[in-house]
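Trainee: One file: target_20.csv (CSV, C-alpha atoms and all ligand atoms).
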```csv
chain,number,residue,atom,x,y,z
A,1,MET,CA,7.5,13.6,10.8
A,2,ASN,CA,3.9,14.1,9.8
A,3,ARG,CA,1.6,13.8,6.8
A,4,GLU,CA,1.3,16.9,4.6
A,5,THR,CA,-2.1,18.3,5.3
A,6,ARG,CA,-4.5,19.0,2.5
A,7,THR,CA,-7.7,20.9,2.7
A,8,LEU,CA,-10.7,19.5,0.9
A,9,GLU,CA,-13.9,21.4,0.2
A,10,ILE,CA,-17.1,19.4,-0.1
A,11,ARG,CA,-20.4,21.3,-0.6
A,12,GLY,CA,-19.3,24.3,1.4
A,13,ARG,CA,-17.6,22.4,4.2
A,14,ARG,CA,-13.8,22.3,4.6
A,15,PHE,CA,-12.0,19.2,5.8
A,16,ASP,CA,-8.4,19.1,6.8
A,17,LEU,CA,-6.9,15.8,5.7
A,18,GLY,CA,-3.6,15.3,7.6
A,19,PRO,CA,-3.6,14.3,11.2
A,20,ARG,CA,-5.0,10.8,10.2
A,21,ALA,CA,-5.8,9.0,7.0
A,22,TRP,CA,-9.4,8.7,6.0
A,23,LEU,CA,-10.8,5.3,5.2
A,24,MET,CA,-13.2,5.0,2.3
A,25,GLY,CA,-15.2,1.8,2.7
A,26,VAL,CA,-16.1,-0.1,-0.5
A,27,LEU,CA,-19.8,-0.9,-1.0
A,28,ASN,CA,-20.3,-2.6,-4.4
A,29,VAL,CA,-24.0,-3.0,-5.2
A,30,THR,CA,-23.2,-5.1,-8.3
A,31,PRO,CA,-23.6,-8.8,-9.2
A,32,ASP,CA,-20.0,-9.1,-10.5
A,33,SER,CA,-17.4,-7.0,-8.6
A,34,PHE,CA,-14.2,-8.9,-8.3
A,35,SER,CA,-14.3,-9.5,-4.5
A,36,ASP,CA,-17.8,-8.8,-3.2
A,37,GLY,CA,-19.9,-9.1,-6.3
A,38,GLY,CA,-23.5,-10.3,-5.5
A,39,LEU,CA,-23.1,-10.0,-1.7
A,40,TYR,CA,-24.9,-6.6,-1.5
A,41,ALA,CA,-27.1,-6.6,-4.6
A,42,ASP,CA,-30.2,-6.5,-2.4
A,43,PRO,CA,-30.7,-2.8,-1.3
A,44,GLY,CA,-31.5,-3.7,2.3
A,45,ARG,CA,-28.3,-5.7,2.7
A,46,ALA,CA,-26.3,-3.0,1.0
A,47,VAL,CA,-27.6,-0.3,3.4
A,48,ASP,CA,-26.8,-2.6,6.4
A,49,ARG,CA,-23.3,-3.2,5.0
A,50,GLY,CA,-22.8,0.6,4.5
A,51,LEU,CA,-23.8,1.3,8.1
A,52,ALA,CA,-21.5,-1.5,9.3
A,53,LEU,CA,-18.6,0.1,7.4
A,54,VAL,CA,-19.3,3.4,9.2
A,55,ALA,CA,-19.5,1.6,12.6
A,56,GLU,CA,-16.1,0.0,11.7
A,57,GLY,CA,-14.5,3.4,11.1
A,58,ALA,CA,-15.2,4.4,7.5
A,59,ASP,CA,-15.1,8.2,7.0
A,60,VAL,CA,-16.6,7.8,3.5
A,61,VAL,CA,-18.8,5.0,2.1
A,62,ASP,CA,-18.2,4.5,-1.7
A,63,VAL,CA,-21.3,3.2,-3.4
A,64,GLY,CA,-20.7,1.6,-6.8
A,65,GLY,CA,-23.1,0.0,-9.3
A,66,GLU,CA,-20.8,-0.9,-12.1
A,67,SER,CA,-17.8,-3.2,-11.8
A,68,THR,CA,-14.6,-1.9,-13.3
A,69,ARG,CA,-12.7,-5.2,-13.0
A,70,PRO,CA,-10.4,-6.0,-15.9
A,71,GLY,CA,-12.5,-7.2,-18.9
A,72,SER,CA,-15.8,-5.9,-17.6
A,73,LEU,CA,-18.4,-4.3,-19.9
A,74,PRO,CA,-20.3,-1.1,-19.2
A,75,VAL,CA,-23.6,-1.4,-17.3
A,76,PRO,CA,-26.7,0.4,-18.9
A,77,GLU,CA,-27.4,3.7,-17.2
A,78,ALA,CA,-30.9,2.8,-16.1
A,79,GLU,CA,-29.6,-0.4,-14.4
A,80,GLU,CA,-26.8,1.5,-12.6
A,81,LEU,CA,-29.3,4.2,-11.4
A,82,ARG,CA,-31.6,1.4,-10.1
A,83,ARG,CA,-28.7,-0.2,-8.2
A,84,VAL,CA,-27.2,3.0,-6.7
A,85,VAL,CA,-29.7,5.6,-6.0
A,86,PRO,CA,-32.0,3.9,-3.4
A,87,VAL,CA,-28.9,2.8,-1.4
A,88,VAL,CA,-27.4,6.4,-1.4
A,89,GLN,CA,-30.9,7.8,-0.4
A,90,ALA,CA,-31.3,5.3,2.5
A,91,LEU,CA,-27.7,5.8,3.8
A,92,ARG,CA,-28.1,9.6,3.6
A,93,ARG,CA,-31.1,9.3,6.0
A,94,GLN,CA,-29.3,7.0,8.4
A,95,THR,CA,-25.7,8.3,8.7
A,96,PRO,CA,-23.8,11.6,8.7
A,97,ALA,CA,-20.8,9.9,7.2
A,98,LEU,CA,-19.6,11.2,3.8
A,99,LEU,CA,-21.0,9.3,0.9
A,100,SER,CA,-19.3,8.9,-2.5
A,101,VAL,CA,-20.6,7.4,-5.8
A,102,ASP,CA,-18.3,5.3,-7.9
A,103,THR,CA,-19.4,6.0,-11.4
A,104,THR,CA,-18.3,7.3,-14.8
A,105,LYS,CA,-21.8,8.4,-15.9
A,106,ALA,CA,-23.1,11.9,-15.4
A,107,ALA,CA,-26.7,10.9,-15.0
A,108,VAL,CA,-25.8,8.4,-12.2
A,109,ALA,CA,-23.6,11.1,-10.5
A,110,ARG,CA,-26.4,13.7,-10.7
A,111,ALA,CA,-29.0,11.3,-9.2
A,112,ALA,CA,-26.7,10.2,-6.4
A,113,LEU,CA,-25.8,13.9,-5.7
A,114,ASP,CA,-29.5,14.7,-5.5
A,115,ALA,CA,-29.9,11.8,-3.1
A,116,GLY,CA,-27.2,13.3,-0.9
A,117,ALA,CA,-23.8,12.0,-2.1
A,118,ASP,CA,-20.8,14.3,-1.2
A,119,ILE,CA,-18.1,13.0,-3.6
A,120,VAL,CA,-18.1,11.7,-7.2
A,121,ASN,CA,-15.5,8.9,-7.6
A,122,ASP,CA,-14.9,9.0,-11.3
A,123,THR,CA,-12.4,6.3,-12.3
A,124,SER,CA,-12.3,7.9,-15.8
A,125,ALA,CA,-11.2,11.3,-14.4
A,126,LEU,CA,-14.1,13.1,-16.3
A,127,ARG,CA,-13.2,11.5,-19.6
A,128,PHE,CA,-15.9,8.9,-20.3
A,129,ASP,CA,-18.9,11.2,-20.1
A,130,PRO,CA,-18.7,14.8,-21.4
A,131,ALA,CA,-21.5,15.9,-19.1
A,132,MET,CA,-19.7,14.7,-15.9
A,133,ALA,CA,-17.6,17.8,-15.3
A,134,GLY,CA,-20.5,20.1,-15.4
A,135,VAL,CA,-22.6,18.0,-13.0
A,136,VAL,CA,-19.7,18.0,-10.5
A,137,ALA,CA,-19.1,21.7,-10.9
A,138,ARG,CA,-22.7,22.7,-10.3
A,139,SER,CA,-23.1,20.4,-7.2
A,140,GLY,CA,-20.2,21.7,-5.1
A,141,ALA,CA,-19.3,18.1,-4.5
A,142,ALA,CA,-15.7,16.8,-4.4
A,143,VAL,CA,-14.4,14.6,-7.1
A,144,VAL,CA,-11.8,11.8,-7.3
A,145,LEU,CA,-9.7,12.0,-10.5
A,146,MET,CA,-8.2,8.5,-11.1
A,147,HIS,CA,-5.6,7.4,-13.7
A,148,MET,CA,-6.6,4.6,-16.0
A,149,LYS,CA,-4.9,3.5,-19.2
A,150,GLY,CA,-7.5,2.5,-21.7
A,151,THR,CA,-10.9,1.2,-20.5
A,152,PRO,CA,-11.8,-1.6,-18.1
A,153,LEU,CA,-12.4,-3.8,-21.2
A,154,THR,CA,-8.9,-3.2,-22.6
A,155,MET,CA,-6.7,-1.9,-19.8
A,156,GLN,CA,-4.8,-5.0,-19.0
A,157,ASP,CA,-3.8,-5.7,-22.6
A,158,ALA,CA,0.0,-5.4,-22.1
A,159,PRO,CA,0.1,-1.9,-20.4
A,160,ALA,CA,3.4,-0.1,-21.0
A,161,TYR,CA,5.0,3.1,-19.7
A,162,ASP,CA,8.4,4.8,-20.2
A,163,ASP,CA,8.2,6.6,-16.9
A,164,ILE,CA,5.2,5.4,-15.0
A,165,THR,CA,5.1,7.9,-12.1
A,166,GLY,CA,6.0,10.8,-14.4
A,167,GLU,CA,3.2,9.9,-16.9
A,168,ILE,CA,0.6,9.4,-14.3
A,169,ALA,CA,1.5,12.7,-12.5
A,170,ALA,CA,1.3,14.5,-15.9
A,171,PHE,CA,-2.1,12.9,-16.6
A,172,LEU,CA,-3.5,13.9,-13.2
A,173,ASP,CA,-2.1,17.4,-13.5
A,174,ASP,CA,-3.8,17.7,-16.8
A,175,ARG,CA,-7.1,16.4,-15.5
A,176,ILE,CA,-7.0,18.9,-12.6
A,177,ARG,CA,-6.7,21.7,-15.2
A,178,VAL,CA,-9.6,20.2,-17.2
A,179,ALA,CA,-11.7,20.1,-14.0
A,180,GLU,CA,-10.7,23.8,-13.1
A,181,ALA,CA,-11.6,24.9,-16.6
A,182,ALA,CA,-15.0,23.3,-16.2
A,183,GLY,CA,-15.7,25.1,-12.9
A,184,ILE,CA,-14.4,22.6,-10.3
A,185,PRO,CA,-11.9,24.4,-8.1
A,186,ARG,CA,-8.8,22.4,-7.3
A,187,GLY,CA,-9.8,22.6,-3.6
A,188,ARG,CA,-12.5,20.0,-4.4
A,189,VAL,CA,-10.2,17.5,-6.2
A,190,ILE,CA,-8.7,14.3,-4.9
A,191,VAL,CA,-6.1,12.4,-7.0
A,192,ASP,CA,-5.6,8.7,-7.4
A,193,PRO,CA,-2.9,6.8,-9.4
A,194,GLY,CA,-5.4,4.0,-10.1
A,195,ILE,CA,-3.7,0.8,-8.8
A,196,GLY,CA,-4.7,-2.1,-11.1
A,197,PHE,CA,-6.2,0.1,-13.9
A,198,GLY,CA,-3.9,-0.5,-16.9
A,199,LYS,CA,-0.9,-1.6,-14.9
A,200,SER,CA,1.2,-4.8,-14.7
A,201,PHE,CA,2.1,-6.5,-11.5
A,202,GLU,CA,5.4,-4.7,-11.4
A,203,HIS,CA,3.7,-1.3,-12.2
A,204,ASN,CA,1.4,-1.7,-9.2
A,205,LEU,CA,4.2,-2.4,-6.8
A,206,GLU,CA,6.3,0.5,-8.1
A,207,LEU,CA,3.3,2.8,-7.8
A,208,LEU,CA,2.7,1.8,-4.2
A,209,ARG,CA,6.4,2.1,-3.4
A,210,ARG,CA,6.8,5.5,-5.1
A,211,GLN,CA,3.3,7.0,-4.4
A,212,ALA,CA,4.8,10.0,-2.4
A,213,VAL,CA,5.7,11.6,-5.8
A,214,PHE,CA,2.0,12.4,-6.3
A,215,HIS,CA,2.1,14.8,-3.2
A,216,ALA,CA,3.7,17.3,-5.6
A,217,LEU,CA,0.2,17.7,-7.2
A,218,GLY,CA,-0.8,19.5,-3.9
A,219,ARG,CA,-4.1,17.5,-3.5
A,220,PRO,CA,-5.2,14.8,-1.2
A,221,LEU,CA,-3.9,11.4,-2.4
A,222,LEU,CA,-6.3,8.4,-2.5
A,223,VAL,CA,-5.0,4.9,-3.1
A,224,GLY,CA,-7.0,1.7,-3.8
A,225,PHE,CA,-5.1,-1.5,-3.4
A,226,SER,CA,-7.7,-3.5,-1.3
A,227,ARG,CA,-7.7,-7.2,-2.2
A,228,LYS,CA,-6.5,-6.6,-5.7
A,229,ALA,CA,-5.0,-9.2,-8.0
A,230,PHE,CA,-1.3,-8.1,-7.4
A,231,LEU,CA,-1.9,-9.1,-3.8
A,232,GLY,CA,-3.5,-12.4,-4.9
A,233,ARG,CA,-0.3,-13.1,-6.9
A,234,ILE,CA,2.0,-12.4,-4.0
A,235,LEU,CA,-0.1,-14.3,-1.5
A,236,ASP,CA,-1.6,-17.0,-3.8
A,237,ARG,CA,-5.0,-16.4,-2.2
A,238,PRO,CA,-8.5,-15.5,-3.5
A,239,PRO,CA,-9.9,-12.0,-3.1
A,240,ASP,CA,-11.5,-12.5,0.3
A,241,GLU,CA,-8.3,-14.0,1.8
A,242,ARG,CA,-6.0,-11.0,1.0
A,243,LEU,CA,-6.4,-9.1,4.2
A,244,GLU,CA,-2.8,-9.3,5.4
A,245,GLY,CA,-1.6,-8.0,2.0
A,246,THR,CA,-4.2,-5.2,2.1
A,247,ILE,CA,-3.0,-4.2,5.6
A,248,ALA,CA,0.6,-4.2,4.5
A,249,ALA,CA,-0.2,-1.9,1.6
A,250,ALA,CA,-2.3,0.3,3.9
A,251,VAL,CA,0.4,0.8,6.5
A,252,LEU,CA,3.1,1.4,3.8
A,253,SER,CA,0.7,4.0,2.2
A,254,VAL,CA,0.2,5.7,5.5
A,255,GLU,CA,4.0,5.9,5.9
A,256,ARG,CA,4.2,7.5,2.5
A,257,GLY,CA,1.6,10.1,3.5
A,258,ALA,CA,-1.5,8.9,1.6
A,259,HIS,CA,-4.6,10.8,2.8
A,260,ILE,CA,-7.4,8.4,1.8
A,261,LEU,CA,-7.4,4.6,1.6
A,262,ARG,CA,-10.2,2.8,-0.3
A,263,VAL,CA,-10.7,-0.6,1.4
A,264,HIS,CA,-13.2,-3.4,1.8
A,265,ASP,CA,-12.1,-4.5,5.3
A,266,VAL,CA,-12.5,-1.3,7.2
A,267,GLY,CA,-12.3,-2.6,10.8
A,268,PRO,CA,-9.0,-4.4,10.6
A,269,VAL,CA,-7.4,-1.8,8.3
A,270,ALA,CA,-8.5,1.0,10.7
A,271,ARG,CA,-6.9,-0.7,13.6
A,272,ALA,CA,-3.6,-1.3,11.7
A,273,VAL,CA,-3.6,2.3,10.4
A,274,ARG,CA,-4.2,3.9,13.7
A,275,ALA,CA,-1.4,1.9,15.3
A,276,ALA,CA,0.9,2.8,12.4
A,277,GLU,CA,0.0,6.5,12.7
A,278,ALA,CA,0.7,6.5,16.4
A,279,ILE,CA,4.2,5.1,15.8
A,280,LEU,CA,4.9,7.3,12.8
A,281,PHE,CA,3.4,10.6,13.7
A,282,VAL,CA,1.8,11.1,17.1
A,283,ALA,CA,4.8,10.4,19.4
A,284,ALA,CA,7.2,12.1,17.0
A,285,ASP,CA,5.3,15.3,17.2
A,286,GLY,CA,5.5,15.3,21.0
A,287,ALA,CA,1.8,14.8,21.5
A,288,SER,CA,0.8,12.1,23.9
A,289,ALA,CA,0.8,8.6,22.5
A,290,ASP,CA,-0.6,7.4,25.9
A,291,GLU,CA,-3.8,6.1,24.5
A,292,GLY,CA,-3.6,2.8,26.5
A,293,ARG,CA,-6.6,1.6,28.6
A,294,ALA,CA,-6.4,1.5,32.4
A,295,GLY,CA,-4.8,-1.8,33.3
A,296,ASP,CA,-2.8,-1.9,30.0
A,297,VAL,CA,0.7,-2.2,31.4
A,298,ARG,CA,2.6,-3.5,28.4
B,1,LIG,N1,-10.7,0.5,-7.5
B,1,LIG,C1,-11.8,-0.1,-7.9
B,1,LIG,C2,-13.0,0.6,-8.1
B,1,LIG,N2,-13.1,1.9,-7.9
B,1,LIG,N3,-11.9,3.9,-7.4
B,1,LIG,C3,-10.8,4.6,-7.1
B,1,LIG,N4,-10.8,5.9,-6.9
B,1,LIG,N5,-9.6,3.9,-6.9
B,1,LIG,C4,-9.5,2.6,-7.0
B,1,LIG,O1,-8.4,2.0,-6.9
B,1,LIG,C5,-10.7,1.9,-7.4
B,1,LIG,C6,-11.9,2.6,-7.6
B,1,LIG,C7,-11.8,-1.6,-8.0
B,1,LIG,O2,-12.2,-2.3,-6.8
B,1,LIG,P1,-13.7,-2.8,-6.5
B,1,LIG,O3,-14.7,-1.7,-6.4
B,1,LIG,O4,-13.6,-3.7,-5.3
B,1,LIG,O5,-14.0,-3.8,-7.7
B,1,LIG,P2,-15.0,-3.7,-9.0
B,1,LIG,O6,-14.5,-2.6,-9.8
B,1,LIG,O7,-14.9,-5.1,-9.6
B,1,LIG,O8,-16.4,-3.4,-8.5
```
I need this file expressed as C-alpha cells, please.

Mentor:
Amino acid sequence: MNRETRTLEIRGRRFDLGPRAWLMGVLNVTPDSFSDGGLYADPGRAVDRGLALVAEGADVVDVGGESTRPGSLPVPEAEELRRVVPVVQALRRQTPALLSVDTTKAAVARAALDAGADIVNDTSALRFDPAMAGVVARSGAAVVLMHMKGTPLTMQDAPAYDDITGEIAAFLDDRIRVAEAAGIPRGRVIVDPGIGFGKSFEHNLELLRRQAVFHALGRPLLVGFSRKAFLGRILDRPPDERLEGTIAAAVLSVERGAHILRVHDVGPVARAVRAAEAILFVAADGASADEGRAGDVR
C-alpha cells in the first residue's frame, strides 16, 4: 500500500508528493486568529516562529495576515500587506523551506510572491478577487484551491448539502478549470475540501472520513483540521489543548493518502505522521523499516 504520488510544479521546480506527506506549518500574523491570534503579531516573533516550524519539520510555512475564522470581517489590504510582507521577506532570507501566503487578495499575493513566496493559499479558490488568477498565472507559483460555502462572515449559517463530497469535488474540478483557463496549469494546483469553511460538525467528520474521494481530481490533496472547533466539541477543550485530536485527524488523513497537512503543532504531528507512514507504507513496500537507533532493542 502506498500514497498515490502527485507531481507539483512550483516556479520551475518539480516536487513529487507521495513517499511522505508534507507538513504545512501555520504562521498567523494576525491579532485575532482562532488559536494563535496575537501571539506572532510582532514581525520578529513571527519570523522566529516560522524558523522554529521549519526546525520542527515543516516543509512549507503558511503566512497569513487575515483571520478566516467564522464571523470574521475582511482586513483592509494595506494592513494585510503590512503584516505579511516583512515576514515573508525575512523568512525568505533565512530559510530554503517553501513559503506560502494565505490570502484572498491579489495585491497581497503579488507582494508576497515578489518577496519570495512559492505558493498562494487562496481559501476562496480564486473567487474573491478577479485579479488573483492572473497574479498566480504570471508568477509560476503553485496555488491552493479550497472549498468554502459562502464567506467567513456567513459560512456557518446553517450550511446544507445534498451530497457533500460530490458537491465539493464538482466545485474543485470547476475551479481547476477556471485556473487553467486563466493560465495556471493544473500541475501547479493543490486542492483542499476546506474543513470548517461552511460545514457543520457532522460535515467535517464526514469529509475527513471520506477525503480519499478527492484523489480522483488527480491533484495533491491538502487538509486543514488543526485545532478546529469540531475537535473542540469532541474533546471539550480550548484551541491550544486540541493536540491529540489534531494528531488523530493527521494520522487518519495519512492513511487516506492526503499529501499535505496544514497544522499548528508541527513537531508532534511530524513524529506521529512519520510513525504512521512507517507502519502503513514503508515496511509494506519491502523497504527497510529499520530506522531504530543503536541500542533500541524494542
Ligand atoms: N484553515 C484556516 C486558514 N487557512 N487554508 C487552507 N488551505 N485550508 C484550511 O483548512 C485553512 C486555511 C483556518 O485556520 P487558522 O489559520 O489557524 O485560523 P484563522 O483563519 O482564524 O487565522

Trainee: Using only C-alpha atoms and all ligand atoms, find each protein or nucleic acid residue lying at most 8 Å from ligand LIG 1 (chain B); present the set as a PyMOL selection string.

Mentor: chain A and resi 26-28+30+32-37+64-70+102+121-123+144-146+192-197+222-228+262-264

Trainee: So, counting all atoms listed in the file, which residue among A:Val63, A:Ala52, A:Ile190, A:Leu113 is closest to A:Arg219?

Mentor: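 Of A:Val63, A:Ala52, A:Ile190, A:Leu113, the one nearest A:Arg219 is A:Ile190, counting all atoms listed in the file.
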
Trainee: Env of A:Glu9: 9 Å cut, atoms = all atoms listed in the file, seq-sep filter 4 positions within chain, self excluded. Answer as a JSON list (two decimals) with C-alpha atoms, in the frame of the given file.

Mentor:
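Resulting contents of out_5.json:
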```json
[["chain", "number", "residue", "atom", "x", "y", "z"],
["A", 13, "ARG", "CA", -17.60, 22.40, 4.20],
["A", 14, "ARG", "CA", -13.80, 22.30, 4.60],
["A", 15, "PHE", "CA", -12.00, 19.20, 5.80],
["A", 16, "ASP", "CA", -8.40, 19.10, 6.80],
["A", 140, "GLY", "CA", -20.20, 21.70, -5.10],
["A", 141, "ALA", "CA", -19.30, 18.10, -4.50],
["A", 142, "ALA", "CA", -15.70, 16.80, -4.40],
["A", 187, "GLY", "CA", -9.80, 22.60, -3.60],
["A", 188, "ARG", "CA", -12.50, 20.00, -4.40],
["A", 189, "VAL", "CA", -10.20, 17.50, -6.20]]
```

Trainee: With only C-alpha atoms as the basis for distance, which of A:Pro130, A:Gly166, A:Gly198, A:Gly18 is at the shortest distance from A:Leu217?

Mentor: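 Of the candidates, the smallest distance to A:Leu217 is held by A:Gly166.
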
Trainee: Kindly provide the residues of stretch 99-119 of chain A that approach stretch 135-138 of chain A to within 9 Å, each paired with its closest atom pair and their distance in Å to one decimal, based on all atoms listed in the file, listed by chain and increasing number, as a Markdown table.

Mentor:
```
| residue | atom | partner | partner_atom | distance |
| --- | --- | --- | --- | --- |
| A:Ala106 | CA | A:Val135 | CA | 6.6 |
| A:Ala107 | CA | A:Val135 | CA | 8.4 |
| A:Ala109 | CA | A:Val135 | CA | 7.4 |
| A:Arg110 | CA | A:Val135 | CA | 6.2 |
| A:Leu113 | CA | A:Val136 | CA | 8.8 |
| A:Ile119 | CA | A:Val136 | CA | 8.7 |
```

Trainee: In terms of the shortest atom-to-atom distance over only C-alpha atoms, which of A:Arg11, A:Arg127, A:Lys149, A:His259 is closest to A:Leu98?

Mentor: A:Arg11

Trainee: Rounded to one decimal place, report the atom CA of A:Thr246-atom CA of A:Thr7 distance in Å.

Mentor: 26.3 Å

Trainee: My list of candidates is A:Ile176, A:Leu208, A:Ala270, A:Ala78. Which is closest to A:Val54 when distances are computed with only C-alpha atoms?

Mentor: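 Using only C-alpha atoms, the shortest distance to A:Val54 belongs to A:Ala270.
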
Trainee: Nearest to A:Arg175: which of A:Val29, A:Leu73, A:Leu126, A:Met132 is it, counting all atoms listed in the file?

Mentor: A:Leu126

Trainee: Atom CA of A:Gly38 and atom CA of A:Asp157 are how many Å apart?

Mentor: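 Computing it gives 26.5 Å between the two atoms.
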
Trainee: Which one of A:Gln94, A:Thr5, A:Phe214, A:Gly245 sits closest to A:Leu17 if you count only C-alpha atoms?

Mentor: A:Thr5

Trainee: Work out how far apart atom CA of A:Lys105 and atom CA of A:Gly218 are and give it in Å to one decimal.

Mentor: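 That distance, rounded to one decimal, is 26.6 Å.
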
Trainee: Distance cut-off 12 Å, centre (6.2, -0.5, -7.4) in file coordinates, counting all atoms listed in the file: which residues qualify? Return them as a PyMOL selection string.

Mentor: chain A and resi 164-165+193+195-196+199-212+230+249+252-253

Trainee: Take the residues that were just selected and, keeping C-alpha atoms, output them as an mmCIF file, in the frame of the given file.

Mentor:
```
data_model
loop_
_atom_site.group_PDB
_atom_site.id
_atom_site.type_symbol
_atom_site.label_atom_id
_atom_site.label_comp_id
_atom_site.auth_asym_id
_atom_site.auth_seq_id
_atom_site.Cartn_x
_atom_site.Cartn_y
_atom_site.Cartn_z
ATOM 1 C CA ILE A 164 5.200 5.400 -15.000
ATOM 2 C CA THR A 165 5.100 7.900 -12.100
ATOM 3 C CA PRO A 193 -2.900 6.800 -9.400
ATOM 4 C CA ILE A 195 -3.700 0.800 -8.800
ATOM 5 C CA GLY A 196 -4.700 -2.100 -11.100
ATOM 6 C CA LYS A 199 -0.900 -1.600 -14.900
ATOM 7 C CA SER A 200 1.200 -4.800 -14.700
ATOM 8 C CA PHE A 201 2.100 -6.500 -11.500
ATOM 9 C CA GLU A 202 5.400 -4.700 -11.400
ATOM 10 C CA HIS A 203 3.700 -1.300 -12.200
ATOM 11 C CA ASN A 204 1.400 -1.700 -9.200
ATOM 12 C CA LEU A 205 4.200 -2.400 -6.800
ATOM 13 C CA GLU A 206 6.300 0.500 -8.100
ATOM 14 C CA LEU A 207 3.300 2.800 -7.800
ATOM 15 C CA LEU A 208 2.700 1.800 -4.200
ATOM 16 C CA ARG A 209 6.400 2.100 -3.400
ATOM 17 C CA ARG A 210 6.800 5.500 -5.100
ATOM 18 C CA GLN A 211 3.300 7.000 -4.400
ATOM 19 C CA ALA A 212 4.800 10.000 -2.400
ATOM 20 C CA PHE A 230 -1.300 -8.100 -7.400
ATOM 21 C CA ALA A 249 -0.200 -1.900 1.600
ATOM 22 C CA LEU A 252 3.100 1.400 3.800
ATOM 23 C CA SER A 253 0.700 4.000 2.200
#
```

Trainee: Tell me which residues come within 7 Å of (-2.7, 11.6, 1.1), as a list in words, counting all atoms listed in the file in the file's coordinates.

Mentor: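 Here the neighbourhood of the point contains Pro220, Leu221, Leu222, Gly257, Ala258, His259 and Ile260 of chain A.
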
Trainee: Could you name the residues that touch A:Gly183 at 9 Å or less, counting all atoms listed in the file, but leaving out those on the same chain fewer than 2 positions away, as a PyMOL selection string?

Mentor: chain A and resi 133-134+136-138+178-181+185
